[in-house]
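Structure record follows, encoded as structure tokens.
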Amino acid sequence: MISLAHAQAAAPAAPGFTQFLPLIIIFILFWFMLIRPQMKRAKEQKKMLAELAKGDEIITASGQVGKIAKIGEQFISLEIADGVITHVQKQSIQTLLPKGTIKGL
């Protein structure tokens with residue numbers, strides 16, 4: 001009798017798990033296809049911002065291309081033309097360009 005009671009109690013547990021299996025699979029796919037790559041890009045962006053130096057050529061999120069004239073903690077001075085300097089937030093830097101790219105534009 002006791003073994004029959006255990007068998008009946010164990011039987012409903014299996015269908016319950018199978019109902020959650022699709023949700024678990026969707027979460028795993030969501031993690032590997034969206035969350036993980038976004039975290040990787042954020043880590044690379046943070047590393048790039050930490051390694052910026054005076055004279056680096058960059059592109060901002062708004063599309064300005066220029067050379068770093070001065071670096072502060074939150075802002076940088078960006079020379080977009082000879083003698084024309086603008087101030088932008090560090091977080092708005094999108095891409096670090098290879099040296100000499102601005103001369104080719």
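Following the order of the structure tokens, first chain is A, next is B, and so on, with residues numbered from 1 inside each chain and ligands from 1 in the order they appear.
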
Who sits within 10 Å of Glu79 of chain A, only C-alpha atoms, same chain under 5 positions skipped, as a ChimeraX atom specification: /A:55,57,64-70,84-87

Of the listed residues A:Phe27, A:Pro37, A:Thr18, A:Pro98, that which approaches Asp56 of chain A most closely, counting only C-alpha atoms: A:Pro98

Identify, with DSSP run on backbone atoms, the residues in chain A assigned to strand (DSSP E), and express the list as a short mmCIF file (atom, residue, chain, number, x, y, z; two decimals) with all heavy atoms, in the first residue's frame.
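The new file selection34.cif reads:
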```cif
data_model
loop_
_atom_site.label_atom_id
_atom_site.label_comp_id
_atom_site.auth_asym_id
_atom_site.auth_seq_id
_atom_site.Cartn_x
_atom_site.Cartn_y
_atom_site.Cartn_z
N GLU A 57 42.11 58.79 -32.36
CA GLU A 57 41.06 59.25 -33.28
C GLU A 57 39.82 58.40 -33.02
O GLU A 57 39.89 57.18 -32.96
CB GLU A 57 41.54 59.11 -34.72
CG GLU A 57 42.74 59.98 -35.01
CD GLU A 57 43.33 59.79 -36.40
OE1 GLU A 57 42.83 58.94 -37.16
OE2 GLU A 57 44.29 60.50 -36.72
N ILE A 58 38.69 59.11 -32.86
CA ILE A 58 37.46 58.43 -32.47
C ILE A 58 36.26 58.90 -33.28
O ILE A 58 36.32 59.92 -33.96
CB ILE A 58 37.16 58.66 -30.97
CG1 ILE A 58 37.02 60.16 -30.70
CG2 ILE A 58 38.22 58.04 -30.08
CD1 ILE A 58 36.25 60.48 -29.46
N ILE A 59 35.17 58.15 -33.15
CA ILE A 59 33.86 58.54 -33.67
C ILE A 59 32.90 58.53 -32.48
O ILE A 59 32.87 57.56 -31.72
CB ILE A 59 33.34 57.57 -34.75
CG1 ILE A 59 34.27 57.54 -35.94
CG2 ILE A 59 31.93 57.95 -35.18
CD1 ILE A 59 33.84 56.55 -37.02
N THR A 60 32.12 59.59 -32.33
CA THR A 60 31.12 59.64 -31.26
C THR A 60 29.82 59.02 -31.74
O THR A 60 29.64 58.75 -32.93
CB THR A 60 30.87 61.09 -30.80
OG1 THR A 60 30.28 61.81 -31.89
CG2 THR A 60 32.14 61.76 -30.33
N VAL A 65 33.67 62.96 -35.93
CA VAL A 65 34.98 62.32 -36.03
C VAL A 65 36.01 63.33 -35.58
O VAL A 65 35.97 64.49 -35.98
CB VAL A 65 35.27 61.89 -37.49
CG1 VAL A 65 36.65 61.26 -37.60
CG2 VAL A 65 34.21 60.92 -37.98
N GLY A 66 36.93 62.91 -34.73
CA GLY A 66 37.94 63.84 -34.25
C GLY A 66 39.05 63.15 -33.50
O GLY A 66 39.06 61.93 -33.32
N LYS A 67 39.99 63.99 -33.06
CA LYS A 67 41.15 63.52 -32.32
C LYS A 67 41.03 64.02 -30.89
O LYS A 67 40.67 65.17 -30.65
CB LYS A 67 42.43 64.08 -32.96
CG LYS A 67 43.70 63.51 -32.37
CD LYS A 67 44.93 64.14 -33.01
CE LYS A 67 45.05 63.70 -34.45
NZ LYS A 67 46.32 64.10 -35.06
N ILE A 68 41.35 63.16 -29.92
CA ILE A 68 41.25 63.53 -28.51
C ILE A 68 42.35 64.52 -28.18
O ILE A 68 43.53 64.25 -28.38
CB ILE A 68 41.35 62.29 -27.61
CG1 ILE A 68 40.17 61.35 -27.88
CG2 ILE A 68 41.40 62.69 -26.15
CD1 ILE A 68 40.22 60.06 -27.11
N ALA A 69 41.95 65.70 -27.67
CA ALA A 69 42.91 66.72 -27.28
C ALA A 69 43.19 66.67 -25.78
O ALA A 69 44.29 66.95 -25.34
CB ALA A 69 42.39 68.11 -27.66
N LYS A 70 42.17 66.30 -25.00
CA LYS A 70 42.32 66.27 -23.55
C LYS A 70 41.29 65.29 -22.99
O LYS A 70 40.17 65.22 -23.47
CB LYS A 70 42.09 67.67 -22.98
CG LYS A 70 42.23 67.80 -21.49
CD LYS A 70 42.03 69.26 -21.09
CE LYS A 70 41.47 69.35 -19.69
NZ LYS A 70 41.10 70.72 -19.33
N ILE A 71 41.70 64.54 -21.96
CA ILE A 71 40.80 63.56 -21.36
C ILE A 71 40.55 63.92 -19.90
O ILE A 71 41.50 64.10 -19.14
CB ILE A 71 41.39 62.14 -21.44
CG1 ILE A 71 41.58 61.72 -22.88
CG2 ILE A 71 40.48 61.14 -20.72
CD1 ILE A 71 42.20 60.35 -23.05
N PHE A 75 34.39 63.80 -19.23
CA PHE A 75 34.34 64.45 -20.53
C PHE A 75 35.69 64.39 -21.22
O PHE A 75 36.72 64.25 -20.57
CB PHE A 75 33.93 65.93 -20.37
CG PHE A 75 32.52 66.10 -19.90
CD1 PHE A 75 32.23 66.19 -18.55
CD2 PHE A 75 31.47 66.17 -20.80
CE1 PHE A 75 30.93 66.34 -18.09
CE2 PHE A 75 30.17 66.34 -20.36
CZ PHE A 75 29.90 66.42 -19.00
N ILE A 76 35.65 64.51 -22.55
CA ILE A 76 36.89 64.64 -23.32
C ILE A 76 36.77 65.89 -24.20
O ILE A 76 35.67 66.32 -24.54
CB ILE A 76 37.19 63.40 -24.19
CG1 ILE A 76 36.12 63.23 -25.26
CG2 ILE A 76 37.33 62.16 -23.37
CD1 ILE A 76 36.56 62.35 -26.39
N SER A 77 37.92 66.44 -24.55
CA SER A 77 37.97 67.54 -25.52
C SER A 77 38.33 66.91 -26.84
O SER A 77 39.35 66.24 -26.97
CB SER A 77 39.01 68.56 -25.10
OG SER A 77 38.66 69.15 -23.87
N LEU A 78 37.48 67.11 -27.82
CA LEU A 78 37.62 66.48 -29.13
C LEU A 78 37.93 67.55 -30.17
O LEU A 78 37.15 68.48 -30.36
CB LEU A 78 36.32 65.75 -29.48
CG LEU A 78 36.30 64.94 -30.76
CD1 LEU A 78 37.27 63.77 -30.67
CD2 LEU A 78 34.89 64.44 -31.02
N GLU A 79 39.07 67.42 -30.82
CA GLU A 79 39.44 68.35 -31.88
C GLU A 79 38.87 67.82 -33.19
O GLU A 79 39.33 66.82 -33.73
CB GLU A 79 40.97 68.48 -31.97
CG GLU A 79 41.40 69.52 -32.97
CD GLU A 79 42.92 69.73 -32.98
OE1 GLU A 79 43.64 69.01 -32.27
OE2 GLU A 79 43.35 70.61 -33.72
N ILE A 80 37.85 68.53 -33.70
CA ILE A 80 37.18 68.07 -34.91
C ILE A 80 37.73 68.73 -36.17
O ILE A 80 37.48 68.26 -37.27
CB ILE A 80 35.65 68.27 -34.82
CG1 ILE A 80 35.30 69.72 -34.54
CG2 ILE A 80 35.06 67.36 -33.76
CD1 ILE A 80 33.81 70.01 -34.54
N ALA A 81 38.48 69.82 -36.00
CA ALA A 81 39.18 70.49 -37.09
C ALA A 81 40.33 71.26 -36.45
O ALA A 81 40.42 71.34 -35.24
CB ALA A 81 38.24 71.43 -37.84
N VAL A 84 39.48 73.76 -33.68
CA VAL A 84 38.08 73.65 -33.28
C VAL A 84 37.95 72.49 -32.30
O VAL A 84 38.10 71.33 -32.67
CB VAL A 84 37.15 73.43 -34.49
CG1 VAL A 84 35.70 73.31 -34.04
CG2 VAL A 84 37.33 74.52 -35.51
N ILE A 85 37.65 72.83 -31.05
CA ILE A 85 37.57 71.80 -30.01
C ILE A 85 36.17 71.80 -29.41
O ILE A 85 35.63 72.84 -29.06
CB ILE A 85 38.63 72.06 -28.91
CG1 ILE A 85 40.02 71.90 -29.52
CG2 ILE A 85 38.44 71.11 -27.75
CD1 ILE A 85 41.15 72.16 -28.56
N THR A 86 35.59 70.61 -29.32
CA THR A 86 34.30 70.44 -28.67
C THR A 86 34.48 69.54 -27.45
O THR A 86 35.45 68.79 -27.37
CB THR A 86 33.26 69.81 -29.61
OG1 THR A 86 33.71 68.52 -30.01
CG2 THR A 86 33.03 70.66 -30.83
N HIS A 87 33.52 69.61 -26.55
CA HIS A 87 33.57 68.77 -25.36
C HIS A 87 32.42 67.78 -25.44
O HIS A 87 31.27 68.17 -25.66
CB HIS A 87 33.45 69.61 -24.10
CG HIS A 87 34.51 70.66 -24.00
ND1 HIS A 87 35.81 70.37 -23.68
CD2 HIS A 87 34.47 71.99 -24.21
CE1 HIS A 87 36.53 71.48 -23.69
NE2 HIS A 87 35.73 72.49 -24.02
N VAL A 88 32.74 66.49 -25.28
CA VAL A 88 31.72 65.44 -25.33
C VAL A 88 31.89 64.52 -24.13
O VAL A 88 32.98 64.43 -23.56
CB VAL A 88 31.78 64.62 -26.64
CG1 VAL A 88 31.45 65.46 -27.84
CG2 VAL A 88 33.13 63.96 -26.81
N GLN A 89 30.82 63.85 -23.76
CA GLN A 89 30.90 62.88 -22.68
C GLN A 89 31.68 61.65 -23.15
O GLN A 89 31.58 61.24 -24.32
CB GLN A 89 29.52 62.43 -22.24
CG GLN A 89 28.77 63.43 -21.44
CD GLN A 89 27.46 62.84 -20.94
OE1 GLN A 89 26.85 62.02 -21.59
NE2 GLN A 89 27.04 63.30 -19.77
N ILE A 93 31.47 58.05 -26.81
CA ILE A 93 32.45 57.54 -27.77
C ILE A 93 32.03 56.15 -28.20
O ILE A 93 31.82 55.26 -27.39
CB ILE A 93 33.87 57.52 -27.15
CG1 ILE A 93 34.29 58.94 -26.82
CG2 ILE A 93 34.85 56.87 -28.11
CD1 ILE A 93 35.59 59.03 -26.06
N GLN A 94 31.93 55.98 -29.51
CA GLN A 94 31.42 54.73 -30.05
C GLN A 94 32.53 53.85 -30.61
O GLN A 94 32.55 52.66 -30.38
CB GLN A 94 30.39 55.03 -31.14
CG GLN A 94 29.71 53.82 -31.68
CD GLN A 94 28.60 54.19 -32.63
OE1 GLN A 94 28.41 55.36 -32.96
NE2 GLN A 94 27.87 53.22 -33.10
N THR A 95 33.47 54.45 -31.36
CA THR A 95 34.48 53.66 -32.05
C THR A 95 35.84 54.32 -31.94
O THR A 95 35.96 55.54 -32.08
CB THR A 95 34.12 53.52 -33.55
OG1 THR A 95 32.78 53.06 -33.66
CG2 THR A 95 35.04 52.57 -34.26
N LEU A 96 36.86 53.52 -31.75
CA LEU A 96 38.25 53.97 -31.78
C LEU A 96 38.78 53.66 -33.17
O LEU A 96 38.75 52.52 -33.62
CB LEU A 96 39.06 53.24 -30.70
CG LEU A 96 40.53 53.59 -30.59
CD1 LEU A 96 40.71 55.06 -30.20
CD2 LEU A 96 41.20 52.69 -29.57
N LEU A 97 39.24 54.68 -33.87
CA LEU A 97 39.73 54.53 -35.24
C LEU A 97 41.22 54.27 -35.27
O LEU A 97 41.95 54.70 -34.37
CB LEU A 97 39.44 55.81 -36.04
CG LEU A 97 37.97 56.19 -36.21
CD1 LEU A 97 37.85 57.56 -36.84
CD2 LEU A 97 37.25 55.15 -37.06
#
```

DSSP-assigned alpha helix (DSSP H) members of segment 41-90 of chain A, reported as a tab-separated table (two decimals) with N, CA and C atoms, in the first residue's frame:
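Written out: states.tsv:
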```tsv
chain	number	residue	atom	x	y	z
A	41	ARG	N	29.63	43.01	-25.30
A	41	ARG	CA	29.84	44.32	-25.95
A	41	ARG	C	30.04	45.42	-24.92
A	42	ALA	N	29.28	45.39	-23.84
A	42	ALA	CA	29.42	46.40	-22.79
A	42	ALA	C	30.79	46.31	-22.13
A	43	LYS	N	31.28	45.12	-21.93
A	43	LYS	CA	32.61	44.92	-21.34
A	43	LYS	C	33.70	45.45	-22.27
A	44	GLU	N	33.58	45.18	-23.58
A	44	GLU	CA	34.55	45.69	-24.55
A	44	GLU	C	34.51	47.22	-24.63
A	45	GLN	N	33.32	47.81	-24.57
A	45	GLN	CA	33.18	49.27	-24.61
A	45	GLN	C	33.83	49.91	-23.39
A	46	LYS	N	33.60	49.32	-22.22
A	46	LYS	CA	34.19	49.84	-20.99
A	46	LYS	C	35.72	49.76	-21.05
A	47	LYS	N	36.24	48.68	-21.58
A	47	LYS	CA	37.69	48.51	-21.72
A	47	LYS	C	38.26	49.56	-22.68
A	48	MET	N	37.57	49.78	-23.81
A	48	MET	CA	38.01	50.77	-24.79
A	48	MET	C	38.04	52.17	-24.19
A	49	LEU	N	37.02	52.52	-23.41
A	49	LEU	CA	36.97	53.84	-22.79
A	49	LEU	C	38.08	54.02	-21.76
A	50	ALA	N	38.44	52.96	-21.06
A	50	ALA	CA	39.50	53.04	-20.06
A	50	ALA	C	40.87	53.20	-20.70
```

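The closest residue to Ser62 of chain A, picked from A:Met33, A:Gly104, A:Gln91, A:Gln74 and counting only C-alpha atoms, is A:Gln91.
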
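Here atom CA of Ile35 of chain A stands at a distance of 21.7 Å from atom CA of Ser92 of chain A.
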
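Nearest residue to Asp82 of chain A, choosing from A:Ile102, A:Ile28, A:Gln38, A:Gln19 and counting only C-alpha atoms: A:Ile102.
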